[in-house]
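What's in final.csv: CSV, C-alpha atoms
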```
chain,number,residue,atom,x,y,z
F,158,MET,CA,-17.7,5.2,-25.6
F,159,LYS,CA,-14.3,4.4,-24.4
F,160,THR,CA,-13.8,1.8,-21.6
F,161,LEU,CA,-11.2,3.6,-19.5
F,162,THR,CA,-10.5,7.1,-18.3
F,163,ILE,CA,-6.9,7.8,-17.3
F,164,PHE,CA,-7.0,10.9,-15.2
F,165,THR,CA,-4.0,13.0,-14.2
F,166,PRO,CA,-4.0,15.6,-11.5
F,167,ALA,CA,-1.3,18.2,-12.4
F,168,TYR,CA,0.2,21.0,-10.3
F,169,ASN,CA,3.2,22.7,-11.9
F,170,ARG,CA,4.4,19.5,-13.6
F,171,ALA,CA,5.0,21.0,-17.1
F,172,HIS,CA,8.5,19.5,-16.9
F,173,THR,CA,7.2,15.9,-16.4
F,174,ILE,CA,3.7,15.6,-17.8
F,175,GLY,CA,5.1,15.4,-21.4
F,176,ARG,CA,6.4,12.0,-20.6
F,177,THR,CA,3.0,10.9,-19.4
F,178,TYR,CA,1.5,12.1,-22.7
F,179,GLU,CA,4.1,10.4,-24.8
F,180,SER,CA,3.4,7.1,-23.0
F,181,LEU,CA,-0.3,7.5,-23.8
F,182,LEU,CA,0.4,8.1,-27.5
F,183,ARG,CA,2.3,4.7,-27.5
F,184,GLN,CA,-0.5,2.7,-26.1
F,185,THR,CA,-1.3,-0.4,-28.1
F,186,SER,CA,-5.0,0.1,-27.3
F,187,LYS,CA,-6.8,3.4,-27.8
F,188,ASP,CA,-9.8,2.4,-25.7
F,189,PHE,CA,-9.3,5.3,-23.3
F,190,GLU,CA,-9.6,9.0,-22.9
F,191,TRP,CA,-7.2,11.2,-20.9
F,192,LEU,CA,-8.6,13.7,-18.4
F,193,VAL,CA,-6.2,16.3,-17.1
F,194,ILE,CA,-7.2,18.1,-13.9
F,195,ASP,CA,-5.0,21.2,-13.7
F,196,ASP,CA,-5.0,22.0,-9.9
F,197,GLY,CA,-4.1,25.7,-10.3
F,198,SER,CA,-0.7,25.4,-12.0
F,199,THR,CA,1.3,28.5,-12.4
F,200,ASP,CA,3.6,27.1,-15.1
F,201,ASN,CA,2.8,26.4,-18.7
F,202,THR,CA,0.8,23.1,-18.1
F,203,CYS,CA,-2.3,24.7,-19.6
F,204,GLU,CA,-0.6,25.7,-22.8
F,205,LEU,CA,1.0,22.2,-23.2
F,206,VAL,CA,-2.2,20.3,-22.7
F,207,LYS,CA,-4.2,22.6,-25.0
F,208,GLY,CA,-1.5,22.1,-27.6
F,209,TRP,CA,-1.9,18.4,-27.3
F,210,ILE,CA,-5.7,18.7,-27.7
F,211,LYS,CA,-5.1,20.5,-31.0
F,212,GLU,CA,-2.9,17.7,-32.2
F,213,ASN,CA,-5.9,15.4,-31.8
F,214,ARG,CA,-3.8,12.2,-31.5
F,215,ILE,CA,-5.7,10.9,-28.5
F,216,THR,CA,-8.9,11.9,-26.8
F,217,ILE,CA,-8.1,14.5,-24.1
F,218,ARG,CA,-10.3,16.6,-21.8
F,219,TYR,CA,-8.8,19.4,-19.7
F,220,ILE,CA,-10.3,20.9,-16.6
F,221,ARG,CA,-8.7,23.7,-14.6
F,222,GLN,CA,-9.5,24.5,-11.0
F,223,GLU,CA,-8.2,26.6,-8.1
F,224,ASN,CA,-5.5,24.7,-6.1
F,225,GLN,CA,-7.2,22.2,-3.8
F,226,GLY,CA,-4.5,19.5,-3.5
F,227,MET,CA,-4.4,16.0,-4.9
F,228,HIS,CA,-7.6,14.9,-3.2
F,229,GLY,CA,-9.5,17.9,-4.5
F,230,ALA,CA,-8.4,17.0,-8.0
F,231,HIS,CA,-9.6,13.5,-7.5
F,232,ASN,CA,-13.0,14.8,-6.5
F,233,THR,CA,-13.2,16.8,-9.7
F,234,ALA,CA,-12.1,13.9,-11.8
F,235,TYR,CA,-14.7,11.5,-10.4
F,236,ARG,CA,-17.5,14.0,-11.0
F,237,ASN,CA,-16.5,14.3,-14.6
F,238,ILE,CA,-15.6,10.7,-15.6
F,239,THR,CA,-18.2,8.8,-17.7
F,240,THR,CA,-16.4,5.7,-18.8
F,241,GLU,CA,-16.8,2.3,-17.2
F,242,LEU,CA,-13.4,2.3,-15.5
F,243,ASN,CA,-10.9,4.9,-14.3
F,244,THR,CA,-7.4,5.0,-13.1
F,245,CYS,CA,-5.1,7.8,-11.9
F,246,ILE,CA,-1.7,8.3,-13.5
F,247,ASP,CA,0.2,11.0,-11.8
F,248,SER,CA,1.8,13.8,-13.9
F,249,ASP,CA,5.3,12.5,-13.1
F,250,ASP,CA,4.5,8.9,-14.0
F,251,PHE,CA,3.9,7.1,-17.2
F,252,MET,CA,2.3,3.8,-18.5
F,253,PRO,CA,3.9,0.8,-20.1
F,254,ASP,CA,3.0,0.7,-23.8
F,255,ASP,CA,0.4,-2.1,-23.4
F,256,ALA,CA,-1.1,-1.0,-20.0
F,257,VAL,CA,-4.4,0.1,-21.4
F,258,GLU,CA,-4.7,-3.2,-23.4
F,259,LYS,CA,-3.9,-5.2,-20.3
F,260,ILE,CA,-6.5,-3.4,-18.2
F,261,THR,CA,-9.4,-3.5,-20.6
F,262,HIS,CA,-8.9,-7.1,-21.8
F,263,PHE,CA,-8.5,-8.3,-18.2
F,264,TRP,CA,-11.7,-6.5,-17.1
F,265,LYS,CA,-13.7,-7.7,-20.0
F,266,GLU,CA,-12.7,-11.3,-19.3
F,267,TYR,CA,-13.0,-11.4,-15.5
F,268,GLY,CA,-14.7,-8.2,-14.3
F,269,SER,CA,-18.3,-8.0,-12.9
F,270,ASP,CA,-20.4,-6.0,-10.5
F,271,LYS,CA,-19.0,-8.3,-7.8
F,272,TYR,CA,-15.7,-6.4,-7.9
F,273,ALA,CA,-14.7,-2.8,-7.3
F,274,GLY,CA,-12.1,-3.0,-10.0
F,275,ILE,CA,-8.5,-4.1,-10.5
F,276,VAL,CA,-5.4,-3.7,-8.5
F,277,GLY,CA,-2.1,-4.0,-10.5
F,278,LEU,CA,1.6,-3.4,-9.8
F,279,ASP,CA,3.8,-0.3,-9.9
F,280,GLN,CA,7.3,-0.5,-11.3
F,281,THR,CA,10.4,1.7,-11.4
F,282,GLU,CA,12.0,2.8,-14.7
F,283,ASP,CA,14.4,-0.1,-14.6
F,284,GLY,CA,11.5,-2.6,-14.4
F,285,SER,CA,11.8,-3.4,-10.7
F,286,ILE,CA,8.4,-4.0,-9.0
F,287,ILE,CA,7.8,-1.7,-6.1
F,288,GLY,CA,7.2,-3.7,-3.0
F,289,THR,CA,5.9,-7.2,-3.4
F,290,SER,CA,4.0,-8.8,-6.3
F,291,PHE,CA,0.8,-10.7,-5.6
F,292,PRO,CA,1.0,-14.4,-4.6
F,293,GLN,CA,0.1,-16.5,-7.7
F,294,ALA,CA,-2.9,-18.0,-5.9
F,295,LEU,CA,-4.3,-14.6,-4.9
F,296,LYS,CA,-7.0,-13.8,-7.4
F,297,GLU,CA,-9.0,-11.2,-5.4
F,298,THR,CA,-8.3,-9.1,-2.3
F,299,THR,CA,-9.0,-5.8,-0.6
F,300,LEU,CA,-6.1,-3.4,-0.2
F,301,GLN,CA,-6.2,-3.5,3.5
F,302,ASP,CA,-6.1,-7.3,3.6
F,303,TYR,CA,-3.3,-7.4,1.2
F,304,TYR,CA,-1.1,-5.1,3.3
F,305,ALA,CA,-2.2,-6.7,6.6
F,306,LYS,CA,-1.0,-10.1,5.3
F,307,GLY,CA,2.5,-8.8,4.5
F,308,GLY,CA,2.1,-7.1,1.1
F,309,SER,CA,4.1,-4.0,0.5
F,310,GLY,CA,4.6,-1.1,-2.0
F,311,ASP,CA,2.4,1.2,-3.9
F,312,LYS,CA,-0.1,-0.5,-6.2
F,313,LYS,CA,-2.1,0.8,-9.2
F,314,LEU,CA,-5.8,0.9,-8.7
F,315,VAL,CA,-8.4,0.8,-11.5
F,316,TYR,CA,-11.9,1.4,-10.2
F,317,ARG,CA,-15.4,1.0,-11.6
F,318,THR,CA,-16.6,4.6,-12.1
F,319,ASP,CA,-20.3,3.9,-11.1
F,320,LEU,CA,-19.1,2.4,-7.9
F,321,ILE,CA,-16.5,5.0,-6.8
F,322,LYS,CA,-19.1,7.8,-7.4
F,323,GLN,CA,-21.3,6.2,-4.7
F,324,TYR,CA,-18.8,7.0,-1.9
F,325,PRO,CA,-18.3,10.4,-0.3
F,326,ASP,CA,-16.0,13.0,-1.7
F,327,TYR,CA,-12.7,13.8,0.0
F,328,PRO,CA,-13.4,16.7,2.4
F,329,LEU,CA,-11.7,20.0,1.8
F,330,PHE,CA,-10.3,21.9,4.9
F,331,GLU,CA,-9.7,25.6,4.6
F,332,GLY,CA,-6.0,26.4,4.3
F,333,GLU,CA,-5.0,22.7,3.9
F,334,ARG,CA,-4.2,20.7,0.8
F,335,TYR,CA,-4.0,17.1,1.8
F,336,VAL,CA,-6.3,14.2,2.7
F,337,GLY,CA,-5.0,10.7,2.2
F,338,LEU,CA,-6.4,9.2,-1.0
F,339,ALA,CA,-6.8,5.9,0.8
F,340,TYR,CA,-9.8,7.3,2.7
F,341,LYS,CA,-12.1,6.4,-0.2
F,342,TYR,CA,-10.3,3.1,-0.8
F,343,MET,CA,-10.8,2.1,2.8
F,344,LEU,CA,-14.5,2.7,2.5
F,345,ILE,CA,-14.7,0.6,-0.7
F,346,ASP,CA,-12.7,-2.2,1.0
F,347,GLN,CA,-15.5,-2.6,3.5
F,348,ASP,CA,-17.9,-3.6,0.7
F,349,TYR,CA,-16.0,-5.0,-2.3
F,350,LYS,CA,-12.8,-6.8,-3.3
F,351,LEU,CA,-10.5,-6.0,-6.2
F,352,LEU,CA,-9.3,-8.4,-8.9
F,353,THR,CA,-5.5,-8.8,-8.8
F,354,LEU,CA,-3.6,-8.3,-12.0
F,355,ASN,CA,0.0,-9.4,-11.4
F,356,LEU,CA,1.5,-7.1,-14.1
F,357,PRO,CA,2.9,-3.5,-14.0
F,358,LEU,CA,0.4,-0.9,-15.1
F,359,VAL,CA,2.5,2.2,-14.3
F,360,THR,CA,6.1,3.3,-14.1
F,361,VAL,CA,6.7,5.7,-11.2
F,362,GLU,CA,9.3,8.3,-10.3
F,363,TYR,CA,9.0,9.9,-6.9
F,364,GLN,CA,9.8,13.7,-7.2
F,365,LEU,CA,11.8,15.4,-4.6
F,366,ASP,CA,9.0,18.0,-4.1
F,367,GLY,CA,6.3,15.3,-4.1
F,368,SER,CA,4.3,14.3,-1.0
F,369,SER,CA,6.2,11.0,-0.6
F,370,TYR,CA,9.4,13.0,0.1
F,371,ASN,CA,7.7,15.6,2.4
F,372,MET,CA,5.5,13.7,4.7
F,373,TYR,CA,6.6,15.4,7.9
F,374,ASN,CA,5.8,18.8,6.3
F,375,GLN,CA,2.5,17.4,5.1
F,376,TYR,CA,1.7,16.3,8.7
F,377,TRP,CA,2.4,19.8,10.0
F,378,ARG,CA,0.6,21.8,7.3
F,379,ASN,CA,-2.5,19.6,7.0
F,380,PRO,CA,-3.4,18.4,10.5
F,381,LYS,CA,-7.2,18.6,10.1
F,382,GLY,CA,-7.0,16.4,6.9
F,383,PHE,CA,-4.8,13.9,8.7
F,384,SER,CA,-7.0,13.8,11.7
F,385,PHE,CA,-10.0,13.1,9.5
F,386,PHE,CA,-8.2,10.3,7.7
F,387,ARG,CA,-7.0,8.7,11.0
F,388,LYS,CA,-10.5,8.7,12.4
F,389,THR,CA,-11.6,6.7,9.4
F,390,GLU,CA,-8.7,4.4,9.7
F,391,MET,CA,-9.4,3.7,13.3
F,392,VAL,CA,-12.8,2.3,12.3
F,393,CYS,CA,-11.8,0.6,9.0
F,394,ALA,CA,-8.3,-0.8,9.7
F,395,PRO,CA,-8.4,-4.6,9.8
F,396,THR,CA,-6.0,-5.1,12.8
F,397,LEU,CA,-5.9,-3.7,16.3
F,398,LYS,CA,-2.2,-2.8,15.8
F,399,ARG,CA,-3.1,-0.6,12.8
F,400,ARG,CA,-6.0,1.0,14.6
F,401,PHE,CA,-3.7,1.9,17.5
F,402,ILE,CA,-1.0,3.4,15.2
F,403,SER,CA,-3.8,5.4,13.6
F,404,SER,CA,-4.8,6.6,17.1
F,405,ILE,CA,-1.2,7.8,17.8
F,406,HIS,CA,-1.2,9.7,14.5
F,407,TYR,CA,-4.6,11.2,15.4
F,408,VAL,CA,-3.4,12.5,18.7
F,409,ALA,CA,-0.4,14.1,17.1
F,410,SER,CA,-2.4,15.7,14.4
F,411,SER,CA,-4.9,17.0,16.9
F,412,ILE,CA,-2.2,18.6,18.9
F,413,ILE,CA,-0.9,20.3,15.8
F,414,SER,CA,-4.4,21.6,14.9
F,415,LYS,CA,-4.9,22.6,18.6
F,416,ASN,CA,-8.1,20.5,18.8
F,417,GLY,CA,-8.8,20.1,22.5
F,418,ARG,CA,-11.9,18.0,21.8
F,419,PHE,CA,-10.0,15.2,20.1
F,420,LEU,CA,-10.8,12.6,22.6
F,421,TRP,CA,-14.6,13.3,22.5
F,422,GLU,CA,-14.4,13.4,18.6
F,423,SER,CA,-12.6,10.1,18.4
F,424,PRO,CA,-14.6,7.0,17.2
F,425,LYS,CA,-12.4,4.8,19.4
F,426,LYS,CA,-12.1,6.8,22.7
F,427,ALA,CA,-10.4,4.1,24.8
F,428,LEU,CA,-7.8,3.4,22.2
F,429,THR,CA,-7.2,7.1,21.7
F,430,LEU,CA,-6.7,7.5,25.5
F,431,LEU,CA,-4.1,4.8,25.4
F,432,ALA,CA,-2.4,6.6,22.5
F,433,VAL,CA,-2.0,10.0,24.2
F,434,ILE,CA,1.5,9.6,25.5
F,435,PRO,CA,2.9,8.0,22.3
F,436,GLY,CA,0.9,10.5,20.3
F,437,VAL,CA,2.6,13.4,22.2
F,438,LEU,CA,6.0,11.8,21.5
F,439,TRP,CA,5.1,11.5,17.8
F,440,TYR,CA,4.0,15.1,17.7
F,441,LEU,CA,7.4,16.1,19.1
F,442,LYS,CA,9.2,14.1,16.5
F,443,ILE,CA,7.1,15.7,13.7
F,444,ARG,CA,7.8,19.1,15.1
F,445,SER,CA,11.6,18.4,15.3
F,446,LYS,CA,11.7,17.1,11.8
F,447,VAL,CA,9.8,20.0,10.3
F,448,LYS,CA,12.0,22.5,12.2
F,449,SER,CA,15.1,20.7,11.0
F,450,ASN,CA,14.0,20.4,7.4
F,451,THR,CA,12.7,23.9,6.9
F,452,LYS,CA,14.9,25.9,9.4
F,453,MET,CA,11.6,27.6,10.2
F,454,LYS,CA,10.5,29.1,13.5
F,455,ILE,CA,7.7,26.9,14.9
F,456,LYS,CA,5.5,28.3,17.6
```
Final structure tokens representation of the file:
Amino acid sequence: MKTLTIFTPAYNRAHTIGRTYESLLRQTSKDFEWLVIDDGSTDNTCELVKGWIKENRITIRYIRQENQGMHGAHNTAYRNITTELNTCIDSDDFMPDDAVEKITHFWKEYGSDKYAGIVGLDQTEDGSIIGTSFPQALKETTLQDYYAKGGSGDKKLVYRTDLIKQYPDYPLFEGERYVGLAYKYMLIDQDYKLLTLNLPLVTVEYQLDGSSYNMYNQYWRNPKGFSFFRKTEMVCAPTLKRRFISSIHYVASSIISKNGRFLWESPKKALTLLAVIPGVLWYLKIRSKVKSNTKMKIK
């Protein structure tokens, strides 16, 4: 059995996923399989992937589902992964040629049941590290502690499959397509640390139609998903400041979803009460941004 599953959620990314595939063909280690979760694409993603399966140059599995959003694709991936480790490489990203080799060798040397997995670096196409690298003395950390102590930038996560399967699925809300992936990572952070690998494991390119570029629209279209995420963050965040910011976001999302019971449903009622006024102001900003960006009529 292979050591690592690289899984790729794909939604209408036929124009970029070929670069992901080519990077996997170049890997110096073949100790991996590629799992593509087609999240209801309407382009020719299916035909592309099935063609690559016929080429038989690397091990590929393909699963198609109705569109559920990135978090729904992650749910499906985790249910179907059988290798010891897994990592997500988005359909508009690609891996350095020796990334699989770095991951598997590092884990075989230092990994154990004590750790949830590995956290490595993201880079841009010109080789610049996104955010900050890990301090040389930092050998293990949780994501929340790393960011609370001044770390920044997206990081590449490699988790133990047996462990990540023990935590709840991302919830699906009717009519919505977004729950923050960090929900599951926050839960794992409460119990386990990650080994730090101070090397780039993925090269990223943020698409103009990706979620990173459309957060205000995401807030507006997925308020129940964001409310759920913020309630978890209010409990799991390591600092009072972060918990208060989460409360502000929770209030705003609750207004968008017209949830009049938000205070009673909050896990931190006093903090949420303090966040009502800034939450209303944040709601108004989101509303203004969405109206400006889309030129749409908002009721």
Quiz item: Quick one: of F:Tyr168, F:Tyr219, F:Tyr440, F:Tyr349, who's nearest to Ile238 of chain F, counting all atoms listed in the file?
Solution: F:Tyr219
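Between Gln225 of chain F and the candidates F:Pro357, F:Gly197, F:Pro253, F:Gly175, the tightest atom-to-atom separation, counting all atoms listed in the file, involves F:Gly197.
Distances from F:Leu430, F:Val437, F:Met391, F:Val447 to Ser403 of chain F were compared using all atoms listed in the file, and the smallest one belongs to F:Met391.
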Exercise. Write out as JSON, numbers by chain the residues lying within 9 Å of Asp311 of chain F, counting all atoms listed in the file and excluding same-chain residues fewer than 3 positions away.
Key: {"F": [278, 279, 287, 288]}
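Closest approach to Ile174 of chain F from the set F:Leu441, F:Met252, F:Leu420, F:Ile412 is made by F:Met252, with distances taken over all atoms listed in the file.
Taking atom CA of Phe164 of chain F and atom CA of Lys312 of chain F as endpoints, the distance between them is 16.1 Å.
Atom CA of Gly277 of chain F to atom CA of Arg176 of chain F spans 20.7 Å [interatomic distance, one decimal].
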Self-check item: Spatial neighbours of Ile434 of chain F, max dist 10 Å, all atoms listed in the file, sep filter under 6 positions, as number ranges by chain
Solution: F: 405, 408-409, 440
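Minimum atom-to-atom distance to Met158 of chain F, evaluated using all atoms listed in the file, belongs to F:Thr216 out of F:Thr216, F:Gln293, F:Gln184, F:Gln280.
Proximity to Ser269 of chain F was assessed for F:Glu282, F:Asp348, F:Glu241, F:Glu190 counting only C-alpha atoms; the smallest distance is recorded for F:Glu241.
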N, CA and C atoms for segment 403-425 of chain F, written as a short mmCIF file (atom, residue, chain, number, x, y, z; two decimals), keeping the file's coordinate frame, could you do that?
```
data_model
loop_
_atom_site.label_atom_id
_atom_site.label_comp_id
_atom_site.auth_asym_id
_atom_site.auth_seq_id
_atom_site.Cartn_x
_atom_site.Cartn_y
_atom_site.Cartn_z
N SER F 403 -2.98 4.34 14.13
CA SER F 403 -3.80 5.40 13.60
C SER F 403 -4.19 6.38 14.78
N SER F 404 -4.45 5.81 15.96
CA SER F 404 -4.80 6.60 17.10
C SER F 404 -3.63 7.51 17.53
N ILE F 405 -2.42 6.97 17.46
CA ILE F 405 -1.20 7.80 17.80
C ILE F 405 -1.10 8.95 16.82
N HIS F 406 -1.26 8.67 15.54
CA HIS F 406 -1.20 9.70 14.50
C HIS F 406 -2.31 10.76 14.77
N TYR F 407 -3.48 10.27 15.13
CA TYR F 407 -4.60 11.20 15.40
C TYR F 407 -4.33 12.12 16.52
N VAL F 408 -3.76 11.61 17.60
CA VAL F 408 -3.40 12.50 18.70
C VAL F 408 -2.41 13.54 18.30
N ALA F 409 -1.37 13.13 17.56
CA ALA F 409 -0.40 14.10 17.10
C ALA F 409 -0.96 15.17 16.22
N SER F 410 -1.80 14.78 15.28
CA SER F 410 -2.40 15.70 14.40
C SER F 410 -3.36 16.67 15.13
N SER F 411 -4.03 16.14 16.15
CA SER F 411 -4.90 17.00 16.90
C SER F 411 -4.17 18.01 17.74
N ILE F 412 -2.99 17.65 18.22
CA ILE F 412 -2.20 18.60 18.90
C ILE F 412 -1.72 19.74 17.97
N ILE F 413 -1.30 19.34 16.77
CA ILE F 413 -0.90 20.30 15.80
C ILE F 413 -2.00 21.29 15.43
N SER F 414 -3.21 20.76 15.30
CA SER F 414 -4.40 21.60 14.90
C SER F 414 -4.98 22.29 16.13
N LYS F 415 -4.42 22.02 17.33
CA LYS F 415 -4.90 22.60 18.60
C LYS F 415 -6.39 22.27 18.83
N ASN F 416 -6.71 21.03 18.57
CA ASN F 416 -8.10 20.50 18.80
C ASN F 416 -8.17 19.89 20.17
N GLY F 417 -8.67 20.65 21.13
CA GLY F 417 -8.80 20.10 22.50
C GLY F 417 -9.90 19.14 22.69
N ARG F 418 -10.73 18.96 21.67
CA ARG F 418 -11.90 18.00 21.80
C ARG F 418 -11.56 16.69 21.11
N PHE F 419 -10.29 16.42 20.85
CA PHE F 419 -10.00 15.20 20.10
C PHE F 419 -10.45 13.94 20.68
N LEU F 420 -10.40 13.83 22.01
CA LEU F 420 -10.80 12.60 22.60
C LEU F 420 -12.34 12.38 22.47
N TRP F 421 -13.12 13.45 22.63
CA TRP F 421 -14.60 13.30 22.50
C TRP F 421 -14.94 13.07 21.00
N GLU F 422 -14.13 13.55 20.08
CA GLU F 422 -14.40 13.40 18.60
C GLU F 422 -13.91 12.04 18.10
N SER F 423 -13.13 11.32 18.88
CA SER F 423 -12.60 10.10 18.40
C SER F 423 -13.64 8.97 18.32
N PRO F 424 -13.63 8.16 17.27
CA PRO F 424 -14.60 7.00 17.20
C PRO F 424 -14.13 5.86 18.05
N LYS F 425 -12.90 5.90 18.56
CA LYS F 425 -12.40 4.80 19.40
C LYS F 425 -11.73 5.49 20.65
#
```
